[in-house]
file input_14.cif (mmCIF, C-alpha atoms)
data_entry
loop_
_atom_site.group_PDB
_atom_site.id
_atom_site.type_symbol
_atom_site.label_atom_id
_atom_site.label_comp_id
_atom_site.auth_asym_id
_atom_site.auth_seq_id
_atom_site.Cartn_x
_atom_site.Cartn_y
_atom_site.Cartn_z
ATOM 1 C CA MET A 1 0.000 0.000 0.000
ATOM 2 C CA LEU A 2 2.875 2.288 0.874
ATOM 3 C CA ASP A 3 4.199 1.988 -2.681
ATOM 4 C CA ARG A 4 0.991 3.469 -4.015
ATOM 5 C CA LEU A 5 1.310 6.656 -2.033
ATOM 6 C CA THR A 6 2.816 9.687 -3.611
ATOM 7 C CA PHE A 7 5.518 11.251 -1.490
ATOM 8 C CA TYR A 8 5.548 14.987 -1.536
ATOM 9 C CA THR A 9 8.790 16.670 -0.662
ATOM 10 C CA PRO A 10 9.211 20.329 -1.437
ATOM 11 C CA CYS A 11 8.471 20.463 -5.172
ATOM 12 C CA MET A 12 8.573 16.774 -6.047
ATOM 13 C CA ARG A 13 6.032 14.200 -7.183
ATOM 14 C CA LEU A 14 7.326 10.621 -7.224
ATOM 15 C CA THR A 15 5.995 7.453 -5.627
ATOM 16 C CA LYS A 16 8.114 5.631 -3.103
ATOM 17 C CA ALA A 17 8.563 2.815 -5.646
ATOM 18 C CA GLU A 18 9.811 5.299 -8.241
ATOM 19 C CA LEU A 19 12.247 6.871 -5.787
ATOM 20 C CA LEU A 20 13.595 3.478 -4.746
ATOM 21 C CA ALA A 21 13.927 2.365 -8.371
ATOM 22 C CA ILE A 22 15.838 5.529 -9.298
ATOM 23 C CA GLU A 23 18.197 5.064 -6.356
ATOM 24 C CA THR A 24 18.735 1.350 -7.102
ATOM 25 C CA ALA A 25 19.284 1.893 -10.817
ATOM 26 C CA ALA A 26 21.603 4.869 -10.299
ATOM 27 C CA ARG A 27 23.807 2.979 -7.861
ATOM 28 C CA ALA A 28 23.977 0.019 -10.261
ATOM 29 C CA VAL A 29 24.907 1.829 -13.473
ATOM 30 C CA LEU A 30 26.329 5.293 -12.745
ATOM 31 C CA PRO A 31 29.911 6.063 -11.720
ATOM 32 C CA ARG A 32 30.668 6.928 -8.101
ATOM 33 C CA GLY A 33 30.059 10.542 -7.267
ATOM 34 C CA ALA A 34 27.306 11.065 -9.848
ATOM 35 C CA ARG A 35 24.207 13.040 -8.889
ATOM 36 C CA VAL A 36 20.708 12.274 -10.109
ATOM 37 C CA MET A 37 18.255 15.143 -10.066
ATOM 38 C CA LEU A 38 14.610 15.487 -10.919
ATOM 39 C CA PHE A 39 13.347 18.290 -13.115
ATOM 40 C CA GLY A 40 10.327 18.975 -15.311
ATOM 41 C CA SER A 41 6.667 18.388 -14.561
ATOM 42 C CA ARG A 42 7.307 16.008 -11.660
ATOM 43 C CA THR A 43 8.746 18.910 -9.684
ATOM 44 C CA ASP A 44 5.425 20.705 -9.955
ATOM 45 C CA ASP A 45 2.977 19.672 -7.238
ATOM 46 C CA ALA A 46 0.092 21.245 -9.105
ATOM 47 C CA ARG A 47 0.380 18.877 -12.094
ATOM 48 C CA ARG A 48 -0.481 15.194 -12.487
ATOM 49 C CA GLY A 49 1.368 12.292 -14.124
ATOM 50 C CA GLY A 50 3.914 13.226 -16.773
ATOM 51 C CA ASP A 51 7.351 12.001 -17.851
ATOM 52 C CA ILE A 52 10.068 11.387 -15.327
ATOM 53 C CA ASP A 53 12.770 13.892 -16.309
ATOM 54 C CA LEU A 54 16.174 13.207 -14.816
ATOM 55 C CA LEU A 55 19.366 15.237 -14.960
ATOM 56 C CA ILE A 56 22.486 13.135 -14.400
ATOM 57 C CA GLU A 57 25.632 14.918 -13.330
ATOM 58 C CA PRO A 58 28.651 12.593 -13.569
ATOM 59 C CA PRO A 59 31.623 13.737 -11.459
ATOM 60 C CA LYS A 60 33.830 14.144 -14.558
ATOM 61 C CA PRO A 61 33.045 15.358 -18.081
ATOM 62 C CA VAL A 62 31.806 12.627 -20.430
ATOM 63 C CA ASP A 63 31.648 12.682 -24.218
ATOM 64 C CA ALA A 64 28.322 12.395 -26.062
ATOM 65 C CA SER A 65 28.767 8.690 -26.711
ATOM 66 C CA LEU A 66 29.318 7.883 -23.031
ATOM 67 C CA ALA A 67 26.433 10.193 -22.095
ATOM 68 C CA VAL A 68 24.082 8.230 -24.371
ATOM 69 C CA ASP A 69 25.436 4.946 -23.003
ATOM 70 C CA LEU A 70 24.882 6.008 -19.375
ATOM 71 C CA SER A 71 21.373 7.244 -20.159
ATOM 72 C CA THR A 72 20.455 4.049 -21.969
ATOM 73 C CA ARG A 73 21.738 1.778 -19.217
ATOM 74 C CA LEU A 74 19.949 3.828 -16.552
ATOM 75 C CA ALA A 75 16.676 3.901 -18.504
ATOM 76 C CA ALA A 76 16.821 0.146 -19.204
ATOM 77 C CA ARG A 77 17.318 -0.572 -15.507
ATOM 78 C CA LEU A 78 14.400 1.709 -14.649
ATOM 79 C CA TYR A 79 12.193 0.006 -17.268
ATOM 80 C CA ARG A 80 13.064 -3.281 -15.620
ATOM 81 C CA LEU A 81 12.200 -2.016 -12.145
ATOM 82 C CA LEU A 82 9.163 0.110 -12.985
ATOM 83 C CA GLY A 83 7.947 -1.088 -16.369
ATOM 84 C CA GLU A 84 8.485 0.907 -19.543
ATOM 85 C CA ARG A 85 7.373 4.507 -19.287
ATOM 86 C CA ARG A 86 8.455 7.931 -20.534
ATOM 87 C CA ILE A 87 11.774 8.731 -18.909
ATOM 88 C CA ASP A 88 13.825 11.592 -20.331
ATOM 89 C CA ILE A 89 17.436 11.576 -19.173
ATOM 90 C CA VAL A 90 19.851 14.449 -19.751
ATOM 91 C CA VAL A 91 23.537 14.057 -18.906
ATOM 92 C CA ALA A 92 25.734 17.065 -18.099
ATOM 93 C CA ALA A 93 28.880 16.947 -15.976
ATOM 94 C CA ALA A 94 28.677 19.091 -12.847
ATOM 95 C CA SER A 95 32.111 20.573 -13.471
ATOM 96 C CA GLU A 96 31.306 21.843 -16.959
ATOM 97 C CA ALA A 97 29.379 24.784 -18.260
ATOM 98 C CA ASP A 98 26.688 23.546 -20.635
ATOM 99 C CA ASP A 99 24.707 25.995 -22.717
ATOM 100 C CA ARG A 100 22.062 23.554 -23.935
ATOM 101 C CA LEU A 101 18.669 25.050 -23.161
ATOM 102 C CA ILE A 102 17.412 21.799 -21.628
ATOM 103 C CA VAL A 103 20.422 21.628 -19.286
ATOM 104 C CA ARG A 104 20.035 25.246 -18.197
ATOM 105 C CA GLU A 105 16.342 24.683 -17.505
ATOM 106 C CA ALA A 106 16.979 21.350 -15.752
ATOM 107 C CA ARG A 107 19.606 22.912 -13.479
ATOM 108 C CA ARG A 108 17.258 25.722 -12.584
ATOM 109 C CA GLN A 109 14.515 23.311 -11.471
ATOM 110 C CA ALA A 110 16.601 20.394 -10.213
ATOM 111 C CA THR A 111 15.873 18.592 -6.958
ATOM 112 C CA GLU A 112 18.570 16.112 -5.951
ATOM 113 C CA LEU A 113 17.373 12.511 -5.564
ATOM 114 C CA VAL A 114 20.525 10.399 -5.331
ATOM 115 C CA ARG A 115 24.274 10.791 -5.053
ATOM 116 C CA THR A 116 26.120 7.584 -5.962
ATOM 117 C CA MET B 1 -5.329 -25.870 -30.125
ATOM 118 C CA THR B 2 -3.244 -28.145 -32.341
ATOM 119 C CA GLN B 3 0.423 -27.387 -32.861
ATOM 120 C CA ALA B 4 -0.397 -26.245 -36.396
ATOM 121 C CA VAL B 5 -1.594 -22.812 -35.199
ATOM 122 C CA PRO B 6 1.486 -21.971 -33.079
ATOM 123 C CA ASP B 7 3.654 -23.293 -35.907
ATOM 124 C CA ALA B 8 1.903 -21.039 -38.422
ATOM 125 C CA ARG B 9 2.151 -17.985 -36.128
ATOM 126 C CA LEU B 10 5.809 -18.640 -35.539
ATOM 127 C CA ALA B 11 6.552 -19.156 -39.228
ATOM 128 C CA SER B 12 4.745 -15.936 -40.105
ATOM 129 C CA ALA B 13 6.545 -13.928 -37.384
ATOM 130 C CA LEU B 14 9.896 -15.341 -38.470
ATOM 131 C CA TRP B 15 9.188 -14.444 -42.069
ATOM 132 C CA GLU B 16 8.374 -10.832 -41.137
ATOM 133 C CA CYS B 17 11.416 -10.472 -38.872
ATOM 134 C CA ASP B 18 13.623 -11.969 -41.558
ATOM 135 C CA ARG B 19 12.552 -9.319 -44.067
ATOM 136 C CA HIS B 20 13.572 -6.556 -41.632
ATOM 137 C CA ARG B 21 16.787 -8.418 -40.811
ATOM 138 C CA ALA B 22 17.731 -8.600 -44.494
ATOM 139 C CA ALA B 23 17.026 -4.879 -44.986
ATOM 140 C CA ILE B 24 19.094 -3.966 -41.897
ATOM 141 C CA ASP B 25 21.962 -6.209 -42.998
ATOM 142 C CA GLU B 26 22.045 -4.584 -46.415
ATOM 143 C CA ALA B 27 21.853 -1.019 -45.112
ATOM 144 C CA LEU B 28 24.362 -1.659 -42.319
ATOM 145 C CA SER B 29 26.849 -3.087 -44.839
ATOM 146 C CA GLU B 30 26.520 0.144 -46.792
ATOM 147 C CA TRP B 31 26.954 2.203 -43.593
ATOM 148 C CA GLN B 32 29.972 0.199 -42.453
ATOM 149 C CA ALA B 33 31.644 0.597 -45.854
ATOM 150 C CA LEU B 34 31.738 4.349 -45.272
ATOM 151 C CA VAL B 35 34.550 5.968 -43.358
ATOM 152 C CA THR B 36 32.803 6.738 -40.057
ATOM 153 C CA PRO B 37 30.769 9.781 -41.048
ATOM 154 C CA SER B 38 31.022 12.861 -38.872
ATOM 155 C CA SER B 39 28.195 14.538 -37.040
ATOM 156 C CA GLN B 40 28.421 17.404 -39.523
ATOM 157 C CA ALA B 41 28.192 15.054 -42.525
ATOM 158 C CA LEU B 42 25.110 13.459 -41.057
ATOM 159 C CA GLU B 43 23.444 16.856 -40.648
ATOM 160 C CA GLN B 44 24.300 17.992 -44.184
ATOM 161 C CA ASP B 45 24.373 14.916 -46.441
ATOM 162 C CA SER B 46 20.857 13.919 -47.456
ATOM 163 C CA SER B 47 21.903 10.513 -48.862
ATOM 164 C CA LEU B 48 23.599 9.694 -45.559
ATOM 165 C CA ARG B 49 20.479 10.763 -43.680
ATOM 166 C CA ARG B 50 18.359 8.533 -45.920
ATOM 167 C CA LEU B 51 20.633 5.604 -45.131
ATOM 168 C CA THR B 52 20.489 6.166 -41.367
ATOM 169 C CA ASP B 53 16.725 6.708 -41.576
ATOM 170 C CA GLN B 54 16.395 3.395 -43.408
ATOM 171 C CA ILE B 55 18.369 1.569 -40.682
ATOM 172 C CA ILE B 56 16.454 3.279 -37.890
ATOM 173 C CA TYR B 57 13.113 2.547 -39.573
ATOM 174 C CA ARG B 58 13.944 -1.140 -39.982
ATOM 175 C CA PHE B 59 15.373 -1.293 -36.451
ATOM 176 C CA THR B 60 12.028 0.012 -35.193
ATOM 177 C CA LYS B 61 10.084 -2.428 -37.377
ATOM 178 C CA LEU B 62 12.210 -5.392 -36.298
ATOM 179 C CA GLN B 63 11.754 -4.383 -32.655
ATOM 180 C CA ASP B 64 7.976 -4.225 -33.145
ATOM 181 C CA ALA B 65 7.864 -7.502 -35.061
ATOM 182 C CA MET B 66 9.923 -9.271 -32.425
ATOM 183 C CA GLY B 67 8.089 -7.761 -29.448
ATOM 184 C CA GLU B 68 4.554 -8.025 -30.769
ATOM 185 C CA ARG B 69 4.745 -11.135 -32.950
ATOM 186 C CA LEU B 70 7.857 -13.256 -32.617
ATOM 187 C CA LEU B 71 8.245 -13.380 -28.832
ATOM 188 C CA PRO B 72 4.554 -14.254 -28.202
ATOM 189 C CA ALA B 73 4.762 -16.794 -31.060
ATOM 190 C CA VAL B 74 7.808 -18.433 -29.494
ATOM 191 C CA LEU B 75 6.014 -18.631 -26.139
ATOM 192 C CA GLY B 76 2.925 -20.072 -27.851
ATOM 193 C CA TRP B 77 5.018 -22.577 -29.743
ATOM 194 C CA LEU B 78 6.612 -23.593 -26.420
ATOM 195 C CA ARG B 79 3.074 -23.980 -25.005
ATOM 196 C CA GLU B 80 3.733 -21.377 -22.323
ATOM 197 C CA PRO B 81 0.466 -19.864 -20.943
ATOM 198 C CA HIS B 82 1.596 -16.364 -21.937
ATOM 199 C CA GLU B 83 -1.614 -14.720 -23.185
ATOM 200 C CA ALA B 84 -2.383 -12.821 -19.976
ATOM 201 C CA TRP B 85 1.225 -12.092 -19.075
ATOM 202 C CA PRO B 86 2.473 -8.518 -19.178
ATOM 203 C CA MET B 87 5.443 -7.874 -21.463
ATOM 204 C CA ARG B 88 7.832 -7.886 -18.525
ATOM 205 C CA ASP B 89 6.857 -11.459 -17.574
ATOM 206 C CA ARG B 90 7.131 -12.610 -21.188
ATOM 207 C CA LEU B 91 10.628 -11.178 -21.424
ATOM 208 C CA ASP B 92 11.668 -12.692 -18.095
ATOM 209 C CA ARG B 93 10.430 -16.122 -19.170
ATOM 210 C CA LEU B 94 12.206 -15.938 -22.521
ATOM 211 C CA GLU B 95 15.393 -14.863 -20.773
ATOM 212 C CA LYS B 96 15.144 -17.873 -18.473
ATOM 213 C CA LEU B 97 14.721 -20.095 -21.512
ATOM 214 C CA GLY B 98 17.814 -18.592 -23.120
ATOM 215 C CA TYR B 99 16.153 -16.754 -26.018
ATOM 216 C CA LEU B 100 17.137 -13.209 -25.095
ATOM 217 C CA ASP B 101 18.740 -10.902 -22.550
ATOM 218 C CA VAL B 102 16.128 -8.643 -20.937
ATOM 219 C CA GLU B 103 18.501 -5.808 -20.003
ATOM 220 C CA THR B 104 19.744 -5.608 -23.591
ATOM 221 C CA TRP B 105 16.189 -5.699 -24.942
ATOM 222 C CA LEU B 106 15.226 -2.810 -22.650
ATOM 223 C CA GLN B 107 18.293 -0.859 -23.754
ATOM 224 C CA TRP B 108 17.095 -1.201 -27.368
ATOM 225 C CA ARG B 109 13.735 0.170 -26.224
ATOM 226 C CA ASP B 110 15.490 3.220 -24.790
ATOM 227 C CA VAL B 111 17.657 3.674 -27.894
ATOM 228 C CA ARG B 112 14.450 3.814 -29.898
ATOM 229 C CA ASN B 113 12.656 6.117 -27.459
ATOM 230 C CA ARG B 114 15.651 8.450 -27.344
ATOM 231 C CA LEU B 115 15.518 9.010 -31.105
ATOM 232 C CA ALA B 116 12.058 10.473 -30.623
ATOM 233 C CA TYR B 117 13.055 13.283 -28.280
ATOM 234 C CA GLU B 118 16.470 14.661 -29.085
ATOM 235 C CA TYR B 119 17.062 18.393 -28.719
ATOM 236 C CA PRO B 120 17.853 20.756 -31.598
ATOM 237 C CA ASP B 121 20.837 22.421 -29.876
ATOM 238 C CA ALA B 122 22.645 19.142 -29.154
ATOM 239 C CA ALA B 123 24.094 17.933 -32.492
ATOM 240 C CA ASP B 124 26.774 15.755 -30.872
ATOM 241 C CA GLN B 125 24.168 14.056 -28.662
ATOM 242 C CA ARG B 126 21.924 13.482 -31.684
ATOM 243 C CA TYR B 127 24.831 11.974 -33.568
ATOM 244 C CA ALA B 128 25.717 9.734 -30.587
ATOM 245 C CA ALA B 129 22.088 8.586 -30.454
ATOM 246 C CA VAL B 130 22.208 7.686 -34.172
ATOM 247 C CA LEU B 131 25.454 5.729 -33.675
ATOM 248 C CA ALA B 132 23.837 3.934 -30.727
ATOM 249 C CA ALA B 133 20.889 3.048 -32.977
ATOM 250 C CA MET B 134 23.242 1.663 -35.642
ATOM 251 C CA ALA B 135 24.953 -0.506 -33.021
ATOM 252 C CA ALA B 136 21.613 -1.588 -31.558
ATOM 253 C CA ALA B 137 20.263 -2.507 -35.013
ATOM 254 C CA GLY B 138 23.266 -4.784 -35.592
ATOM 255 C CA ALA B 139 22.935 -6.328 -32.134
ATOM 256 C CA MET B 140 19.203 -6.881 -32.589
ATOM 257 C CA VAL B 141 19.801 -8.677 -35.880
ATOM 258 C CA ALA B 142 22.334 -10.910 -34.102
ATOM 259 C CA ALA B 143 19.807 -11.604 -31.331
ATOM 260 C CA PHE B 144 17.146 -12.476 -33.890
ATOM 261 C CA VAL B 145 19.516 -14.878 -35.646
ATOM 262 C CA HIS B 146 20.390 -16.403 -32.262
ATOM 263 C CA CYS B 147 16.708 -16.786 -31.352
ATOM 264 C CA LYS B 148 15.920 -18.318 -34.750
ATOM 265 C CA ALA B 149 18.763 -20.806 -34.382
ATOM 266 C CA TRP B 150 17.105 -22.125 -31.223
ATOM 267 C CA LEU B 151 13.959 -22.988 -33.101
ATOM 268 C CA PRO B 152 13.609 -26.117 -35.191
ATOM 269 C CA THR B 153 13.041 -26.012 -38.920
ATOM 270 C CA LEU B 154 9.420 -25.223 -39.555
ATOM 271 C CA PRO B 155 7.374 -26.530 -42.460
#
call {"tool": "encode", "arguments": {"input": "input_14.cif", "output": "structure tokens"}}
result
Amino acid sequence: MLDRLTFYTPCMRLTKAELLAIETAARAVLPRGARVMLFGSRTDDARRGGDIDLLIEPPKPVDASLAVDLSTRLAARLYRLLGERRIDIVVAAASEADDRLIVREARRQATELVRT
Amino acid sequence: MTQAVPDARLASALWECDRHRAAIDEALSEWQALVTPSSQALEQDSSLRRLTDQIIYRFTKLQDAMGERLLPAVLGWLREPHEAWPMRDRLDRLEKLGYLDVETWLQWRDVRNRLAYEYPDAADQRYAAVLAAMAAAGAMVAAFVHCKAWLPTLP
């Protein structure tokens, strides 16, 4: 029953099962020292449903190929734990400036979920 | 139900998958014969874009044909009571039986989903997603061939 409840922290809408899955998947596939943050509609308490938008900040810069690989492995693990659903993952190293609009917006809204 | 129906479903699913496999093989050979094209070439060269689109389209079709037709047909042929199972249970069972690797299958799902929502100001990420799709298409063909090899010759 607990898994069905939605846990509200300041500006965050995820079920306990979703939070646990994100933590489990992140620890399994991301390098040590990576941060996983939530952004997008799930940070808005006034909205319902929606994609799970995650910003991953690896501790060191990664090239585009490794970024895609990390995203894919994280998403696949989340599909396995939660079932397939819309999960949008953006990767941007914490130590690097990134002028992509989506990264700027994600960083502005981000709520930290996990640090590996 | 006699075995004739599962046999027919399986034969039909294999035939469809094989058509996509052949198209991917042909297009991937063409892609691999090129010196690895750059991100810029992919953005500017329409014939290169057509080739990658062809591979991505067939990758998507093979994924659909395997997920919606072949995998249920294999379970039916094996007389597994799969009709009411969610996809996750079907995949888990097939993994146990040695037909596929679930984690890899789910990664192909993400590779496909990712192609649908790339961002316009991230050319290098778009290019990396296309390269991932090329690799996934090749791996999916190999998985299909592996799965087919496990099945007996059908009439």
call {"tool": "interface_residues", "arguments": {"input": "input_14.cif", "of": "chain A", "to": "chain B", "cutoff": "8 Å", "atoms": "all atoms listed in the file", "output": "ChimeraX atom specification"}}
result
/A:64-65,67-69,72-73,75-77,79-80,83,88,100-102
call {"tool": "closest_residue", "arguments": {"input": "input_14.cif", "among": "A:Arg32, A:Ala97, A:Thr111, A:Pro61", "to": "A:Arg13", "atoms": "only C-alpha atoms"}}
result
A:Thr111
call {"tool": "atom_distance", "arguments": {"input": "input_14.cif", "atom1": "atom CA of B:Met66", "atom2": "atom CA of B:Ala13"}}
result
7.6 Å
call {"tool": "residues_around", "arguments": {"input": "input_14.cif", "residues": "B:Leu51", "least_positions_apart": "5", "cutoff": "10 Å", "atoms": "all atoms listed in the file", "output": "count of residues only"}}
result
8
call {"tool": "resolve_selection", "arguments": {"input": "input_14.cif", "expression": "the PyMOL selection byres ((chain A and resi 33) around 12)", "output": "list in words"}}
result
Ala26, Arg27, Val29, Leu30, Pro31, Arg32, Ala34, Arg35, Val36, Ile56, Glu57, Pro58, Pro59, Lys60, Ala93, Ala94, Ser95, Val114, Arg115 and Thr116 of chain A
call {"tool": "residues_around", "arguments": {"input": "input_14.cif", "residues": "B:Leu10", "least_positions_apart": "6", "cutoff": "12 Å", "atoms": "all atoms listed in the file", "output": "ChimeraX atom specification"}}
result
/B:3-4,16-18,65-66,68-78,147-148,151-155
call {"tool": "atom_distance", "arguments": {"input": "input_14.cif", "atom1": "atom CA of A:Ile22", "atom2": "atom CA of A:Ser71"}}
result
12.3 Å
call {"tool": "atom_distance", "arguments": {"input": "input_14.cif", "atom1": "atom CA of A:Leu82", "atom2": "atom CA of A:Ala21"}}
result
7.0 Å
call {"tool": "resolve_selection", "arguments": {"input": "input_14.cif", "expression": "the PyMOL selection byres ((chain B and resi 25) around 12)", "output": "short mmCIF file (atom, residue, chain, number, x, y, z; two decimals) with C-alpha atoms, in the frame of the given file"}}
result
data_model
loop_
_atom_site.label_atom_id
_atom_site.label_comp_id
_atom_site.auth_asym_id
_atom_site.auth_seq_id
_atom_site.Cartn_x
_atom_site.Cartn_y
_atom_site.Cartn_z
CA ASP B 18 13.62 -11.97 -41.56
CA ARG B 19 12.55 -9.32 -44.07
CA HIS B 20 13.57 -6.56 -41.63
CA ARG B 21 16.79 -8.42 -40.81
CA ALA B 22 17.73 -8.60 -44.49
CA ALA B 23 17.03 -4.88 -44.99
CA ILE B 24 19.09 -3.97 -41.90
CA GLU B 26 22.04 -4.58 -46.42
CA ALA B 27 21.85 -1.02 -45.11
CA LEU B 28 24.36 -1.66 -42.32
CA SER B 29 26.85 -3.09 -44.84
CA GLU B 30 26.52 0.14 -46.79
CA TRP B 31 26.95 2.20 -43.59
CA GLN B 32 29.97 0.20 -42.45
CA GLN B 54 16.40 3.40 -43.41
CA ILE B 55 18.37 1.57 -40.68
CA ARG B 58 13.94 -1.14 -39.98
CA PHE B 59 15.37 -1.29 -36.45
CA LEU B 62 12.21 -5.39 -36.30
CA MET B 134 23.24 1.66 -35.64
CA ALA B 135 24.95 -0.51 -33.02
CA ALA B 137 20.26 -2.51 -35.01
CA GLY B 138 23.27 -4.78 -35.59
CA ALA B 139 22.94 -6.33 -32.13
CA MET B 140 19.20 -6.88 -32.59
CA VAL B 141 19.80 -8.68 -35.88
CA ALA B 142 22.33 -10.91 -34.10
CA VAL B 145 19.52 -14.88 -35.65
#
call {"tool": "residues_around", "arguments": {"input": "input_14.cif", "residues": "A:Phe39", "least_positions_apart": "6", "cutoff": "8 Å", "atoms": "only C-alpha atoms", "output": "ChimeraX atom specification"}}
result
/A:52-55,106-107,109-111
call {"tool": "closest_residue", "arguments": {"input": "input_14.cif", "among": "B:Ala116, B:Arg90, B:Ser47, B:Trp15", "to": "B:Phe144", "atoms": "all atoms listed in the file"}}
result
B:Trp15
call {"tool": "closest_residue", "arguments": {"input": "input_14.cif", "among": "B:Ala33, B:Leu14, B:Ala41, B:Leu48", "to": "B:Ala149", "atoms": "all atoms listed in the file"}}
result
B:Leu14
call {"tool": "residues_around", "arguments": {"input": "input_14.cif", "residues": "A:Met12", "least_positions_apart": "5", "cutoff": "8 Å", "atoms": "all atoms listed in the file", "output": "MDAnalysis selection string"}}
result
chainID A and resid 7 38 42:45 111
call {"tool": "closest_residue", "arguments": {"input": "input_14.cif", "among": "A:Leu66, A:Glu23, A:Ala92, A:Ile87", "to": "A:Asp51", "atoms": "all atoms listed in the file"}}
result
A:Ile87
call {"tool": "decode", "arguments": {"input": "input_14.cif", "residues": "stretch 32-38 of chain B", "atoms": "all heavy atoms", "output": "PDB file, in the first residue's frame"}}
result
ATOM      1  N   GLN B  32      28.655   0.584 -42.948  1.00  0.00           N
ATOM      2  CA  GLN B  32      29.972   0.199 -42.453  1.00  0.00           C
ATOM      3  C   GLN B  32      31.064   0.379 -43.507  1.00  0.00           C
ATOM      4  O   GLN B  32      32.241   0.485 -43.171  1.00  0.00           O
ATOM      5  CB  GLN B  32      29.941  -1.248 -41.936  1.00  0.00           C
ATOM      6  CG  GLN B  32      29.299  -1.318 -40.554  1.00  0.00           C
ATOM      7  CD  GLN B  32      28.643  -2.653 -40.240  1.00  0.00           C
ATOM      8  OE1 GLN B  32      28.689  -3.583 -41.047  1.00  0.00           O
ATOM      9  NE2 GLN B  32      28.026  -2.753 -39.081  1.00  0.00           N
ATOM     10  N   ALA B  33      30.663   0.397 -44.786  1.00  0.00           N
ATOM     11  CA  ALA B  33      31.644   0.597 -45.854  1.00  0.00           C
ATOM     12  C   ALA B  33      32.107   2.050 -45.915  1.00  0.00           C
ATOM     13  O   ALA B  33      33.141   2.361 -46.517  1.00  0.00           O
ATOM     14  CB  ALA B  33      31.038   0.198 -47.188  1.00  0.00           C
ATOM     15  N   LEU B  34      31.359   2.937 -45.285  1.00  0.00           N
ATOM     16  CA  LEU B  34      31.738   4.349 -45.272  1.00  0.00           C
ATOM     17  C   LEU B  34      32.804   4.568 -44.204  1.00  0.00           C
ATOM     18  O   LEU B  34      32.830   3.867 -43.202  1.00  0.00           O
ATOM     19  CB  LEU B  34      30.531   5.223 -44.915  1.00  0.00           C
ATOM     20  CG  LEU B  34      29.307   5.113 -45.807  1.00  0.00           C
ATOM     21  CD1 LEU B  34      28.117   5.777 -45.134  1.00  0.00           C
ATOM     22  CD2 LEU B  34      29.589   5.790 -47.139  1.00  0.00           C
ATOM     23  N   VAL B  35      33.671   5.534 -44.436  1.00  0.00           N
ATOM     24  CA  VAL B  35      34.550   5.968 -43.358  1.00  0.00           C
ATOM     25  C   VAL B  35      33.588   6.585 -42.345  1.00  0.00           C
ATOM     26  O   VAL B  35      32.677   7.309 -42.739  1.00  0.00           O
ATOM     27  CB  VAL B  35      35.536   7.041 -43.868  1.00  0.00           C
ATOM     28  CG1 VAL B  35      36.431   7.540 -42.752  1.00  0.00           C
ATOM     29  CG2 VAL B  35      36.346   6.476 -45.021  1.00  0.00           C
ATOM     30  N   THR B  36      33.776   6.286 -41.053  1.00  0.00           N
ATOM     31  CA  THR B  36      32.803   6.738 -40.057  1.00  0.00           C
ATOM     32  C   THR B  36      32.407   8.186 -40.319  1.00  0.00           C
ATOM     33  O   THR B  36      33.235   9.085 -40.225  1.00  0.00           O
ATOM     34  CB  THR B  36      33.381   6.624 -38.634  1.00  0.00           C
ATOM     35  OG1 THR B  36      33.881   5.308 -38.495  1.00  0.00           O
ATOM     36  CG2 THR B  36      32.321   6.907 -37.583  1.00  0.00           C
ATOM     37  N   PRO B  37      31.161   8.412 -40.699  1.00  0.00           N
ATOM     38  CA  PRO B  37      30.769   9.781 -41.048  1.00  0.00           C
ATOM     39  C   PRO B  37      30.727  10.678 -39.808  1.00  0.00           C
ATOM     40  O   PRO B  37      30.453  10.201 -38.717  1.00  0.00           O
ATOM     41  CB  PRO B  37      29.363   9.605 -41.624  1.00  0.00           C
ATOM     42  CG  PRO B  37      29.061   8.156 -41.603  1.00  0.00           C
ATOM     43  CD  PRO B  37      30.075   7.470 -40.768  1.00  0.00           C
ATOM     44  N   SER B  38      31.022  11.934 -40.002  1.00  0.00           N
ATOM     45  CA  SER B  38      31.022  12.861 -38.872  1.00  0.00           C
ATOM     46  C   SER B  38      29.596  13.318 -38.585  1.00  0.00           C
ATOM     47  O   SER B  38      28.685  13.137 -39.399  1.00  0.00           O
ATOM     48  CB  SER B  38      31.866  14.082 -39.215  1.00  0.00           C
ATOM     49  OG  SER B  38      31.260  14.768 -40.282  1.00  0.00           O
TER      50      SER B  38
END
